[in-house]
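Source file: input_0.cif (mmCIF, C-alpha atoms)
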```cif
data_work
loop_
_atom_site.group_PDB
_atom_site.id
_atom_site.type_symbol
_atom_site.label_atom_id
_atom_site.label_comp_id
_atom_site.auth_asym_id
_atom_site.auth_seq_id
_atom_site.Cartn_x
_atom_site.Cartn_y
_atom_site.Cartn_z
ATOM 1 C CA MET A 200 116.209 259.236 23.993
ATOM 2 C CA SER A 201 117.971 256.469 25.949
ATOM 3 C CA ASN A 202 116.148 254.834 28.852
ATOM 4 C CA ARG A 203 119.405 253.833 30.538
ATOM 5 C CA ILE A 204 119.956 255.072 34.073
ATOM 6 C CA VAL A 205 123.508 255.812 35.189
ATOM 7 C CA ALA A 206 124.036 255.292 38.919
ATOM 8 C CA PRO A 207 126.849 254.245 41.245
ATOM 9 C CA SER A 208 127.098 250.714 42.605
ATOM 10 C CA PRO A 209 125.750 248.593 44.131
ATOM 11 C CA HIS A 210 123.381 247.698 41.307
ATOM 12 C CA LEU A 211 122.071 244.476 42.888
ATOM 13 C CA HIS A 212 120.364 244.661 46.276
ATOM 14 C CA GLY A 213 119.647 241.768 48.611
ATOM 15 C CA GLU A 214 117.004 241.331 51.261
ATOM 16 C CA PHE A 215 119.438 242.032 54.114
ATOM 17 C CA SER A 216 120.154 245.386 55.735
ATOM 18 C CA THR A 217 122.504 246.234 58.573
ATOM 19 C CA PRO A 218 119.746 246.751 61.182
ATOM 20 C CA LYS A 219 118.029 243.523 60.094
ATOM 21 C CA ILE A 220 121.252 241.514 60.383
ATOM 22 C CA MET A 221 122.045 243.044 63.770
ATOM 23 C CA ARG A 222 118.554 242.252 65.065
ATOM 24 C CA ASP A 223 118.985 238.638 63.949
ATOM 25 C CA VAL A 224 122.221 238.479 65.948
ATOM 26 C CA VAL A 225 120.405 239.863 68.988
ATOM 27 C CA ILE A 226 117.735 237.174 68.597
ATOM 28 C CA ALA A 227 120.441 234.502 68.307
ATOM 29 C CA LEU A 228 122.007 235.707 71.561
ATOM 30 C CA ILE A 229 118.742 235.434 73.511
ATOM 31 C CA PRO A 230 119.134 231.719 74.455
ATOM 32 C CA ALA A 231 122.606 232.336 75.913
ATOM 33 C CA PHE A 232 121.377 235.452 77.704
ATOM 34 C CA ALA A 233 118.375 233.587 79.120
ATOM 35 C CA PHE A 234 120.637 230.823 80.412
ATOM 36 C CA SER A 235 122.980 233.357 82.027
ATOM 37 C CA VAL A 236 119.977 234.913 83.790
ATOM 38 C CA PHE A 237 118.913 231.450 84.945
ATOM 39 C CA ILE A 238 122.372 230.888 86.436
ATOM 40 C CA TYR A 239 123.334 234.367 87.669
ATOM 41 C CA GLY A 240 119.984 236.112 88.015
ATOM 42 C CA TRP A 241 119.844 239.895 88.219
ATOM 43 C CA SER A 242 123.629 240.179 88.002
ATOM 44 C CA ALA A 243 123.536 239.024 84.360
ATOM 45 C CA ILE A 244 120.668 241.402 83.563
ATOM 46 C CA CYS A 245 122.341 244.419 85.180
ATOM 47 C CA LEU A 246 125.705 243.626 83.575
ATOM 48 C CA THR A 247 124.244 243.322 80.073
ATOM 49 C CA ALA A 248 122.018 246.388 80.455
ATOM 50 C CA THR A 249 124.953 248.478 81.703
ATOM 51 C CA ALA A 250 127.207 247.395 78.831
ATOM 52 C CA ILE A 251 124.563 248.068 76.171
ATOM 53 C CA ALA A 252 123.563 251.443 77.629
ATOM 54 C CA ALA A 253 127.197 252.550 77.969
ATOM 55 C CA CYS A 254 128.061 251.525 74.403
ATOM 56 C CA MET A 255 125.036 253.339 73.013
ATOM 57 C CA LEU A 256 125.784 256.457 75.046
ATOM 58 C CA PHE A 257 129.436 256.622 74.010
ATOM 59 C CA GLU A 258 128.606 256.055 70.344
ATOM 60 C CA TRP A 259 125.979 258.816 70.428
ATOM 61 C CA LEU A 260 128.366 261.250 72.158
ATOM 62 C CA ILE A 261 131.212 260.538 69.739
ATOM 63 C CA ASP A 262 128.916 260.862 66.721
ATOM 64 C CA ARG A 263 127.453 264.188 67.839
ATOM 65 C CA LEU A 264 130.353 265.862 69.641
ATOM 66 C CA LEU A 265 133.502 264.554 67.929
ATOM 67 C CA LEU A 266 132.549 263.349 64.452
ATOM 68 C CA ARG A 267 129.800 265.964 64.055
ATOM 69 C CA ARG A 268 127.403 263.672 62.237
ATOM 70 C CA PRO A 269 123.948 262.175 62.814
ATOM 71 C CA SER A 270 123.704 259.349 65.311
ATOM 72 C CA THR A 271 124.359 255.834 63.996
ATOM 73 C CA LEU A 272 122.509 254.068 66.825
ATOM 74 C CA GLY A 273 119.818 252.990 64.362
ATOM 75 C CA ASP A 274 122.090 250.306 62.876
ATOM 76 C CA TRP A 275 121.977 248.336 66.170
ATOM 77 C CA SER A 276 125.739 247.716 66.091
ATOM 78 C CA ALA A 277 126.239 249.414 69.477
ATOM 79 C CA VAL A 278 123.685 247.017 70.971
ATOM 80 C CA ILE A 279 125.625 244.043 69.607
ATOM 81 C CA THR A 280 128.929 245.441 70.868
ATOM 82 C CA GLY A 281 127.461 246.002 74.336
ATOM 83 C CA THR A 282 125.924 242.541 74.464
ATOM 84 C CA LEU A 283 129.097 240.764 73.332
ATOM 85 C CA LEU A 284 131.197 242.828 75.735
ATOM 86 C CA ALA A 285 128.917 241.785 78.592
ATOM 87 C CA PHE A 286 129.056 238.169 77.454
ATOM 88 C CA ASN A 287 132.853 238.287 77.836
ATOM 89 C CA LEU A 288 132.778 239.536 81.444
ATOM 90 C CA PRO A 289 132.276 237.865 84.842
ATOM 91 C CA ALA A 290 128.854 238.323 86.405
ATOM 92 C CA ASN A 291 130.357 239.891 89.533
ATOM 93 C CA ILE A 292 132.495 242.548 87.835
ATOM 94 C CA SER A 293 132.189 246.190 88.936
ATOM 95 C CA PRO A 294 129.816 248.339 86.818
ATOM 96 C CA TRP A 295 132.573 250.964 86.549
ATOM 97 C CA LEU A 296 134.819 248.464 84.781
ATOM 98 C CA VAL A 297 131.956 247.618 82.426
ATOM 99 C CA ILE A 298 131.646 251.310 81.539
ATOM 100 C CA ILE A 299 135.415 251.589 81.000
ATOM 101 C CA GLY A 300 135.299 248.528 78.744
ATOM 102 C CA ALA A 301 132.427 250.045 76.770
ATOM 103 C CA LEU A 302 134.357 253.288 76.292
ATOM 104 C CA VAL A 303 137.394 251.396 74.986
ATOM 105 C CA ALA A 304 135.266 249.140 72.773
ATOM 106 C CA ILE A 305 133.340 251.993 71.153
ATOM 107 C CA GLY A 306 135.861 254.829 71.376
ATOM 108 C CA ILE A 307 139.015 252.929 70.420
ATOM 109 C CA GLY A 308 137.843 249.683 68.858
ATOM 110 C CA LYS A 309 135.169 251.180 66.630
ATOM 111 C CA MET A 310 134.762 254.944 66.340
ATOM 112 C CA SER A 311 138.473 255.781 66.130
ATOM 113 C CA PHE A 312 138.453 253.979 62.769
ATOM 114 C CA GLY A 313 135.406 255.899 61.584
ATOM 115 C CA GLY A 314 132.565 253.717 62.817
ATOM 116 C CA LEU A 315 130.815 250.589 61.623
ATOM 117 C CA GLY A 316 132.338 249.053 58.526
ATOM 118 C CA LYS A 317 135.751 250.650 59.013
ATOM 119 C CA ASN A 318 137.058 249.082 62.216
ATOM 120 C CA LEU A 319 139.952 246.642 61.912
ATOM 121 C CA PHE A 320 139.319 244.763 65.162
ATOM 122 C CA ASN A 321 136.202 243.370 66.803
ATOM 123 C CA PRO A 322 135.198 246.225 69.173
ATOM 124 C CA ALA A 323 133.812 244.023 71.954
ATOM 125 C CA LEU A 324 137.032 242.015 72.075
ATOM 126 C CA VAL A 325 139.121 245.193 72.143
ATOM 127 C CA GLY A 326 137.208 246.219 75.282
ATOM 128 C CA ARG A 327 137.462 242.762 76.793
ATOM 129 C CA VAL A 328 141.206 242.370 76.237
ATOM 130 C CA PHE A 329 141.858 245.891 77.542
ATOM 131 C CA LEU A 330 140.055 245.027 80.769
ATOM 132 C CA LEU A 331 141.814 241.658 81.018
ATOM 133 C CA ILE A 332 145.263 243.234 80.719
ATOM 134 C CA SER A 333 144.463 246.258 82.900
ATOM 135 C CA PHE A 334 142.386 244.540 85.597
ATOM 136 C CA PRO A 335 143.443 240.861 85.562
ATOM 137 C CA ALA A 336 142.239 240.059 89.088
ATOM 138 C CA GLN A 337 138.709 241.363 88.502
ATOM 139 C CA MET A 338 138.517 239.751 85.054
ATOM 140 C CA THR A 339 139.567 236.312 86.277
ATOM 141 C CA THR A 340 137.427 236.121 89.414
ATOM 142 C CA PHE A 341 134.233 234.290 88.545
ATOM 143 C CA PRO A 342 131.219 233.518 90.725
ATOM 144 C CA ASP A 343 130.396 229.862 91.118
ATOM 145 C CA THR A 344 127.512 228.682 88.919
ATOM 146 C CA ALA A 345 125.609 227.826 92.088
ATOM 147 C CA GLY A 346 124.988 231.560 92.487
ATOM 148 C CA VAL A 347 126.628 234.960 92.501
ATOM 149 C CA ASP A 348 126.972 234.931 96.275
ATOM 150 C CA ALA A 349 128.732 231.561 96.276
ATOM 151 C CA ILE A 350 132.458 231.171 96.729
ATOM 152 C CA THR A 351 134.265 232.071 93.534
ATOM 153 C CA GLY A 352 135.914 229.277 91.631
ATOM 154 C CA ALA A 353 138.223 228.695 88.685
ATOM 155 C CA THR A 354 136.942 228.184 85.181
ATOM 156 C CA PRO A 355 137.493 224.712 83.701
ATOM 157 C CA LEU A 356 140.352 226.072 81.572
ATOM 158 C CA ALA A 357 142.027 227.715 84.575
ATOM 159 C CA TYR A 358 141.581 224.582 86.683
ATOM 160 C CA VAL A 359 143.100 222.317 84.036
ATOM 161 C CA LYS A 360 146.000 224.670 83.324
ATOM 162 C CA ALA A 361 146.821 225.013 87.029
ATOM 163 C CA ALA A 362 146.576 221.247 87.591
ATOM 164 C CA LEU A 363 148.815 220.432 84.628
ATOM 165 C CA ALA A 364 151.339 223.044 85.800
ATOM 166 C CA THR A 365 151.737 221.123 89.060
ATOM 167 C CA GLY A 366 152.407 217.886 87.177
ATOM 168 C CA THR A 367 148.999 216.317 87.758
ATOM 169 C CA PRO A 368 148.354 213.745 85.010
ATOM 170 C CA VAL A 369 145.283 214.119 82.824
ATOM 171 C CA ALA A 370 143.893 210.823 84.135
ATOM 172 C CA GLU A 371 143.507 212.405 87.567
ATOM 173 C CA ILE A 372 142.044 215.637 86.163
ATOM 174 C CA MET A 373 139.333 214.192 83.919
ATOM 175 C CA PRO A 374 137.171 212.721 86.741
ATOM 176 C CA ASN A 375 136.704 216.305 87.943
ATOM 177 C CA ILE A 376 135.630 217.490 84.464
ATOM 178 C CA ASP A 377 131.972 216.961 83.538
ATOM 179 C CA LEU A 378 131.830 217.317 79.752
ATOM 180 C CA ALA A 379 128.058 216.760 79.662
ATOM 181 C CA GLY A 380 127.575 219.448 82.286
ATOM 182 C CA MET A 381 129.856 221.799 80.352
ATOM 183 C CA PHE A 382 127.749 221.241 77.243
ATOM 184 C CA ILE A 383 124.572 222.176 79.087
ATOM 185 C CA GLY A 384 126.264 225.127 80.752
ATOM 186 C CA PHE A 385 127.089 224.217 84.331
ATOM 187 C CA LYS A 386 130.591 225.637 84.482
ATOM 188 C CA ASP A 387 132.209 228.814 85.746
ATOM 189 C CA GLY A 388 133.134 231.568 83.319
ATOM 190 C CA SER A 389 131.929 234.761 81.647
ATOM 191 C CA ILE A 390 128.162 235.096 81.475
ATOM 192 C CA GLY A 391 128.008 234.491 77.733
ATOM 193 C CA GLU A 392 130.338 231.527 77.496
ATOM 194 C CA ILE A 393 128.842 229.174 80.097
ATOM 195 C CA GLY A 394 125.861 228.003 78.019
ATOM 196 C CA ALA A 395 127.412 225.893 75.245
ATOM 197 C CA LEU A 396 124.059 224.416 74.188
ATOM 198 C CA ALA A 397 122.420 227.849 74.169
ATOM 199 C CA LEU A 398 125.246 229.270 72.045
ATOM 200 C CA LEU A 399 124.917 226.348 69.634
ATOM 201 C CA ILE A 400 121.188 227.013 69.276
ATOM 202 C CA GLY A 401 121.896 230.669 68.524
ATOM 203 C CA GLY A 402 124.609 229.751 66.044
ATOM 204 C CA ILE A 403 122.299 227.383 64.186
ATOM 205 C CA TYR A 404 119.700 230.163 64.001
ATOM 206 C CA LEU A 405 122.243 232.462 62.339
ATOM 207 C CA LEU A 406 123.175 229.722 59.867
ATOM 208 C CA VAL A 407 119.536 229.025 59.010
ATOM 209 C CA ARG A 408 118.880 232.736 58.561
ATOM 210 C CA LYS A 409 122.015 232.924 56.380
ATOM 211 C CA VAL A 410 123.396 235.734 58.510
ATOM 212 C CA ILE A 411 126.686 233.807 58.743
ATOM 213 C CA THR A 412 128.197 231.018 56.656
ATOM 214 C CA TRP A 413 129.339 227.669 58.017
ATOM 215 C CA ARG A 414 133.018 228.037 57.078
ATOM 216 C CA ILE A 415 134.324 230.172 59.936
ATOM 217 C CA PRO A 416 132.649 228.333 62.853
ATOM 218 C CA VAL A 417 133.262 224.875 61.371
ATOM 219 C CA PHE A 418 136.914 225.433 60.461
ATOM 220 C CA MET A 419 137.661 227.315 63.676
ATOM 221 C CA LEU A 420 136.159 224.668 65.966
ATOM 222 C CA GLY A 421 137.440 221.890 63.704
ATOM 223 C CA SER A 422 141.023 223.166 63.772
ATOM 224 C CA MET A 423 140.844 223.545 67.560
ATOM 225 C CA PHE A 424 139.607 219.985 67.912
ATOM 226 C CA LEU A 425 142.127 218.563 65.420
ATOM 227 C CA PHE A 426 145.156 220.366 66.881
ATOM 228 C CA ALA A 427 144.154 219.413 70.433
ATOM 229 C CA ALA A 428 143.508 215.824 69.292
ATOM 230 C CA ILE A 429 147.003 215.541 67.803
ATOM 231 C CA LEU A 430 148.505 216.694 71.104
ATOM 232 C CA TRP A 431 146.223 214.387 73.085
ATOM 233 C CA LEU A 432 147.036 211.327 70.977
ATOM 234 C CA ALA A 433 150.751 212.123 71.111
ATOM 235 C CA ASP A 434 150.797 212.500 74.907
ATOM 236 C CA PRO A 435 147.491 211.734 76.698
ATOM 237 C CA VAL A 436 149.185 212.166 80.067
ATOM 238 C CA THR A 437 150.006 215.847 79.482
ATOM 239 C CA TYR A 438 147.304 217.026 77.050
ATOM 240 C CA ILE A 439 143.567 216.889 77.645
ATOM 241 C CA ASN A 440 140.651 215.562 75.590
ATOM 242 C CA PRO A 441 140.064 217.776 72.496
ATOM 243 C CA LEU A 442 136.320 217.899 73.148
ATOM 244 C CA PHE A 443 137.113 219.766 76.353
ATOM 245 C CA HIS A 444 138.727 222.587 74.358
ATOM 246 C CA VAL A 445 135.652 222.979 72.145
ATOM 247 C CA LEU A 446 133.229 223.157 75.079
ATOM 248 C CA ALA A 447 135.401 225.218 77.432
ATOM 249 C CA GLY A 448 135.866 228.978 77.522
ATOM 250 C CA GLY A 449 134.800 231.223 74.675
ATOM 251 C CA ALA A 450 135.245 228.774 71.786
ATOM 252 C CA LEU A 451 131.569 228.576 70.776
ATOM 253 C CA LEU A 452 130.872 232.233 71.542
ATOM 254 C CA GLY A 453 133.861 233.268 69.456
ATOM 255 C CA ALA A 454 133.161 230.854 66.599
ATOM 256 C CA PHE A 455 129.559 231.882 65.981
ATOM 257 C CA PHE A 456 129.315 235.478 67.167
ATOM 258 C CA MET A 457 132.721 237.215 67.074
ATOM 259 C CA ALA A 458 134.960 235.558 64.504
ATOM 260 C CA THR A 459 132.096 235.821 61.989
ATOM 261 C CA ASP A 460 131.848 239.617 62.245
ATOM 262 C CA TYR A 461 131.403 240.868 58.663
ATOM 263 C CA VAL A 462 133.725 243.847 59.031
ATOM 264 C CA THR A 463 136.669 242.056 60.635
ATOM 265 C CA SER A 464 136.580 238.732 58.742
ATOM 266 C CA PRO A 465 137.687 237.950 55.154
ATOM 267 C CA MET A 466 135.366 238.332 52.179
ATOM 268 C CA SER A 467 136.422 235.289 50.139
ATOM 269 C CA LYS A 468 135.553 231.688 50.963
ATOM 270 C CA GLY A 469 139.184 230.578 50.908
ATOM 271 C CA GLY A 470 140.174 233.559 53.031
ATOM 272 C CA GLN A 471 137.554 232.645 55.624
ATOM 273 C CA VAL A 472 138.971 229.129 55.855
ATOM 274 C CA ILE A 473 142.539 230.384 56.422
ATOM 275 C CA TYR A 474 141.284 232.957 58.921
ATOM 276 C CA ALA A 475 139.251 230.398 60.894
ATOM 277 C CA ILE A 476 142.050 227.819 60.993
ATOM 278 C CA GLY A 477 144.427 230.520 62.216
ATOM 279 C CA ILE A 478 142.070 231.386 65.072
ATOM 280 C CA GLY A 479 141.682 227.738 66.065
ATOM 281 C CA VAL A 480 145.407 226.976 66.062
ATOM 282 C CA ILE A 481 146.393 230.163 67.902
ATOM 283 C CA SER A 482 143.682 229.556 70.508
ATOM 284 C CA ILE A 483 145.110 226.135 71.350
ATOM 285 C CA LEU A 484 148.686 227.433 71.314
ATOM 286 C CA ILE A 485 147.798 230.066 73.908
ATOM 287 C CA ARG A 486 145.699 227.690 75.995
ATOM 288 C CA VAL A 487 148.402 225.046 76.120
ATOM 289 C CA TRP A 488 151.632 227.076 76.257
ATOM 290 C CA GLY A 489 150.577 230.677 76.890
ATOM 291 C CA ALA A 490 150.380 232.597 80.151
ATOM 292 C CA TYR A 491 146.570 232.837 80.007
ATOM 293 C CA PRO A 492 144.315 229.767 80.247
ATOM 294 C CA GLU A 493 142.071 231.185 77.486
ATOM 295 C CA GLY A 494 143.244 232.294 74.062
ATOM 296 C CA VAL A 495 140.179 232.741 71.840
ATOM 297 C CA SER A 496 139.916 236.531 72.258
ATOM 298 C CA PHE A 497 143.602 237.067 71.522
ATOM 299 C CA ALA A 498 143.469 234.665 68.577
ATOM 300 C CA ILE A 499 140.529 236.482 66.962
ATOM 301 C CA LEU A 500 142.189 239.881 67.371
ATOM 302 C CA ILE A 501 145.469 238.569 65.933
ATOM 303 C CA MET A 502 143.685 237.142 62.897
ATOM 304 C CA ASN A 503 141.608 240.355 62.560
ATOM 305 C CA ALA A 504 144.923 242.096 61.893
ATOM 306 C CA THR A 505 145.653 239.697 59.013
ATOM 307 C CA VAL A 506 142.303 240.219 57.259
ATOM 308 C CA PRO A 507 143.448 243.131 55.011
ATOM 309 C CA LEU A 508 146.338 240.970 53.793
ATOM 310 C CA ILE A 509 144.075 237.947 53.276
ATOM 311 C CA ASN A 510 141.594 240.083 51.338
ATOM 312 C CA LYS A 511 144.391 241.461 49.165
ATOM 313 C CA TYR A 512 145.630 238.062 48.005
ATOM 314 C CA MET A 513 142.394 236.042 48.177
ATOM 315 C CA LYS A 514 139.747 238.110 46.443
ATOM 316 C CA PRO A 515 136.212 236.866 45.740
ATOM 317 C CA SER A 516 135.383 235.987 42.150
ATOM 318 C CA ARG A 517 134.131 238.923 40.100
ATOM 319 C CA PHE A 518 130.416 238.839 39.424
ATOM 320 C CA GLY A 519 129.844 237.027 36.129
ATOM 321 C CA ALA A 520 133.508 235.958 35.728
ATOM 322 C CA ARG A 521 132.827 232.238 36.119
ATOM 323 C CA THR A 522 129.854 232.414 33.760
ATOM 324 C CA ALA A 523 131.921 234.231 31.161
ATOM 325 C CA GLN A 524 134.678 231.602 31.297
ATOM 326 C CA THR A 525 132.248 228.755 30.635
ATOM 327 C CA LYS A 526 130.821 230.305 27.476
#
```
Output the file's structure as structure tokens, nothing else.
Amino acid sequence: MSNRIVAPSPHLHGEFSTPKIMRDVVIALIPAFAFSVFIYGWSAICLTATAIAACMLFEWLIDRLLLRRPSTLGDWSAVITGTLLAFNLPANISPWLVIIGALVAIGIGKMSFGGLGKNLFNPALVGRVFLLISFPAQMTTFPDTAGVDAITGATPLAYVKAALATGTPVAEIMPNIDLAGMFIGFKDGSIGEIGALALLIGGIYLLVRKVITWRIPVFMLGSMFLFAAILWLADPVTYINPLFHVLAGGALLGAFFMATDYVTSPMSKGGQVIYAIGIGVISILIRVWGAYPEGVSFAILIMNATVPLINKYMKPSRFGARTAQTK
């Protein structure tokens, strides 16, 4: 009698599970969330809580009423989607728009494809871009970092783009840009993108925990810096310091927490490099020549659409193939 057991794959199991990975991402987002609370107070707490609650509610309703299956809230993915959606919104945005964004993120960006593991695009970014296109005034009105009740001001990206559009040389713009302050987090913007240092701490945590690999964040930020540096060296009067592009807007948030999404990023190492470089280059193209001052969200969604093609032509090595070739 044979002792062999016939069973479907996978035959090798790692220590990670979906809920465990998602909880690690939540932990990594805590420093950025804490900094947003320090800057915006209760507005950041209410915004994040509303986004998470709405995403969880819509996922539960769609699971039970439309897909007729048990709830998938236990995988924590709705919590991540809600948190990242909130991190991409201004602190003073209407709660009703947050709920609309959550419905689009979960209903269209995720559940319309069948749920976690089947979605083509990052759900939080689908919700964010929908709100940006549908409600541009509300999505581009940010409270000053001095407080939610302060006079609203432009983000660093918006300020630079507007100044360059009027013909102001970079030499006159840079004295008004505090790169050290931007690194710490004293800049206007969405609640999750203002704390560059906090995002970096969270990103390092994910790398140490091996939740993400270094390729996507390094090649994305590196390609942004390199492309911006080429422009800056070619014409320092018209194009701004490349370090500004790395610290401004959603570059760090996108590099560590959204571009690295398992479902919407390539599986192979080479594919991840191509994907990350594409995001970096497209982000700078939009920032410099596009209609919007920020381009990271659009760049990630565009490259999400290329992932099936990248996976088709750049497949990971088969398990044991390299070992077999060396024998």
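Minimum atom-to-atom distance to A:Gly273, evaluated using all atoms listed in the file, belongs to A:Met221 out of A:Ile307, A:Ile292, A:Met221, A:Ala353.
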Give as a PyMOL selection string the residues that the PyMOL selection byres ((chain A and resi 467-469) around 8) matches when applied to the coordinates above. chain A and resi 414+465-466+470-473+510+513-515
A:Ser270 environment, 12 Å, only C-alpha atoms, sequence neighbours closer than 5 positions dropped, as a CSV table (one decimal) with C-alpha atoms, in the frame of the given file:
```csv
chain,number,residue,atom,x,y,z
A,255,MET,CA,125.0,253.3,73.0
A,256,LEU,CA,125.8,256.5,75.0
A,257,PHE,CA,129.4,256.6,74.0
A,258,GLU,CA,128.6,256.1,70.3
A,259,TRP,CA,126.0,258.8,70.4
A,260,LEU,CA,128.4,261.2,72.2
A,261,ILE,CA,131.2,260.5,69.7
A,262,ASP,CA,128.9,260.9,66.7
A,263,ARG,CA,127.5,264.2,67.8
A,264,LEU,CA,130.4,265.9,69.6
A,265,LEU,CA,133.5,264.6,67.9
A,275,TRP,CA,122.0,248.3,66.2
A,276,SER,CA,125.7,247.7,66.1
A,277,ALA,CA,126.2,249.4,69.5
A,310,MET,CA,134.8,254.9,66.3
A,314,GLY,CA,132.6,253.7,62.8
A,315,LEU,CA,130.8,250.6,61.6
```
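What separates atom CA of A:Phe334 from atom CA of A:Ala490 is a distance of 15.4 Å.
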Here's the selection I'm unsure about, the PyMOL selection byres ((chain A and resi 380-391) around 9); applied to the file above, which residues does it give, as an mmCIF file with C-alpha atoms, keeping the file's coordinate frame?
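Saved as expr-v1.cif:
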```cif
data_model
loop_
_atom_site.group_PDB
_atom_site.id
_atom_site.type_symbol
_atom_site.label_atom_id
_atom_site.label_comp_id
_atom_site.auth_asym_id
_atom_site.auth_seq_id
_atom_site.Cartn_x
_atom_site.Cartn_y
_atom_site.Cartn_z
ATOM 1 C CA LEU A 228 122.007 235.707 71.561
ATOM 2 C CA ALA A 231 122.606 232.336 75.913
ATOM 3 C CA PHE A 232 121.377 235.452 77.704
ATOM 4 C CA PHE A 234 120.637 230.823 80.412
ATOM 5 C CA SER A 235 122.980 233.357 82.027
ATOM 6 C CA VAL A 236 119.977 234.913 83.790
ATOM 7 C CA ILE A 238 122.372 230.888 86.436
ATOM 8 C CA TYR A 239 123.334 234.367 87.669
ATOM 9 C CA ALA A 243 123.536 239.024 84.360
ATOM 10 C CA THR A 282 125.924 242.541 74.464
ATOM 11 C CA LEU A 283 129.097 240.764 73.332
ATOM 12 C CA ALA A 285 128.917 241.785 78.592
ATOM 13 C CA PHE A 286 129.056 238.169 77.454
ATOM 14 C CA ASN A 287 132.853 238.287 77.836
ATOM 15 C CA LEU A 288 132.778 239.536 81.444
ATOM 16 C CA PRO A 289 132.276 237.865 84.842
ATOM 17 C CA ALA A 290 128.854 238.323 86.405
ATOM 18 C CA MET A 338 138.517 239.751 85.054
ATOM 19 C CA THR A 339 139.567 236.312 86.277
ATOM 20 C CA THR A 340 137.427 236.121 89.414
ATOM 21 C CA PHE A 341 134.233 234.290 88.545
ATOM 22 C CA PRO A 342 131.219 233.518 90.725
ATOM 23 C CA ASP A 343 130.396 229.862 91.118
ATOM 24 C CA THR A 344 127.512 228.682 88.919
ATOM 25 C CA ALA A 345 125.609 227.826 92.088
ATOM 26 C CA THR A 351 134.265 232.071 93.534
ATOM 27 C CA GLY A 352 135.914 229.277 91.631
ATOM 28 C CA ALA A 353 138.223 228.695 88.685
ATOM 29 C CA THR A 354 136.942 228.184 85.181
ATOM 30 C CA PRO A 355 137.493 224.712 83.701
ATOM 31 C CA ILE A 376 135.630 217.490 84.464
ATOM 32 C CA ASP A 377 131.972 216.961 83.538
ATOM 33 C CA LEU A 378 131.830 217.317 79.752
ATOM 34 C CA ALA A 379 128.058 216.760 79.662
ATOM 35 C CA GLU A 392 130.338 231.527 77.496
ATOM 36 C CA ILE A 393 128.842 229.174 80.097
ATOM 37 C CA GLY A 394 125.861 228.003 78.019
ATOM 38 C CA ALA A 395 127.412 225.893 75.245
ATOM 39 C CA LEU A 396 124.059 224.416 74.188
ATOM 40 C CA ALA A 397 122.420 227.849 74.169
ATOM 41 C CA LEU A 398 125.246 229.270 72.045
ATOM 42 C CA PHE A 443 137.113 219.766 76.353
ATOM 43 C CA LEU A 446 133.229 223.157 75.079
ATOM 44 C CA ALA A 447 135.401 225.218 77.432
ATOM 45 C CA GLY A 448 135.866 228.978 77.522
ATOM 46 C CA GLY A 449 134.800 231.223 74.675
ATOM 47 C CA LEU A 452 130.872 232.233 71.542
#
```
A:Gly489, A:Gly316, A:Gly402, A:Gly240: which is nearest A:Ser464, counting all atoms listed in the file? A:Gly316
Can you spell out as a PDB file with C-alpha atoms, in the coordinates of the input the set of residues that the PyMOL selection byres ((chain A and resi 253) around 8) selects in the structure I just provided?
```
ATOM      1  CA  THR A 249     124.953 248.478  81.703  1.00  0.00           C
ATOM      2  CA  ALA A 250     127.207 247.395  78.831  1.00  0.00           C
ATOM      3  CA  ILE A 251     124.563 248.068  76.171  1.00  0.00           C
ATOM      4  CA  ALA A 252     123.563 251.443  77.629  1.00  0.00           C
ATOM      5  CA  CYS A 254     128.061 251.525  74.403  1.00  0.00           C
ATOM      6  CA  MET A 255     125.036 253.339  73.013  1.00  0.00           C
ATOM      7  CA  LEU A 256     125.784 256.457  75.046  1.00  0.00           C
ATOM      8  CA  PHE A 257     129.436 256.622  74.010  1.00  0.00           C
ATOM      9  CA  GLY A 281     127.461 246.002  74.336  1.00  0.00           C
ATOM     10  CA  ILE A 298     131.646 251.310  81.539  1.00  0.00           C
ATOM     11  CA  ALA A 301     132.427 250.045  76.770  1.00  0.00           C
ATOM     12  CA  LEU A 302     134.357 253.288  76.292  1.00  0.00           C
TER      13      LEU A 302
END
```
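Distance-wise, atom CA of A:Arg327 and atom CA of A:Thr280 end up 10.7 Å apart.
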Separation of atom CA of A:Val495 from atom CA of A:Leu442, in Å and rounded to one decimal: 15.4 Å
Could you list, as a PyMOL selection string, every residue within 9 Å of A:Met373, counting all atoms listed in the file and ignoring same-chain residues fewer than 2 positions away? chain A and resi 359+369-371+375-377+439-440
Any idea what's packed within 12 Å of stretch 411-413 of chain A, counting all atoms listed in the file, ignoring anything in its chain fewer than 6 positions away? Could you give it as a VMD selection string? chain A and resid 215 220 to 221 223 to 224 227 401 to 405 419 to 421 454 to 461 464 to 468 471 to 472 475
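Distances from A:Leu266, A:Ile415, A:Ile279, A:Leu432 to A:Pro322 were compared using all atoms listed in the file, and the smallest one belongs to A:Ile279.
When only C-alpha atoms are used to compute distances to A:Ile478, the closest of the residues A:Ile509, A:Leu296, A:Ala428, A:Met423 turns out to be A:Met423.
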Quick one: axis-aligned box around all listed atoms of stretch 255-264 of chain A, 3 Å on every side, centre and edge lengths in Å to one decimal, written as JSON.
```
{"center_x": 128.1, "center_y": 259.6, "center_z": 70.9, "size_x": 12.2, "size_y": 18.5, "size_z": 14.3}
```
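Distance check against A:Leu246 using all atoms listed in the file: of A:Pro294, A:Pro230, A:Gly326, A:Pro441, the minimum falls on A:Pro294.
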Got a sec to check which residues sit within 6 Å of (142.6, 241.9, 69.6), counting all atoms listed in the file, and write them as a short mmCIF file (atom, residue, chain, number, x, y, z; two decimals) with C-alpha atoms, in the coordinates of the input?
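Saved file result-v8.cif follows:
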```cif
data_model
loop_
_atom_site.label_atom_id
_atom_site.label_comp_id
_atom_site.auth_asym_id
_atom_site.auth_seq_id
_atom_site.Cartn_x
_atom_site.Cartn_y
_atom_site.Cartn_z
CA VAL A 325 139.12 245.19 72.14
CA PHE A 497 143.60 237.07 71.52
CA LEU A 500 142.19 239.88 67.37
CA ILE A 501 145.47 238.57 65.93
#
```
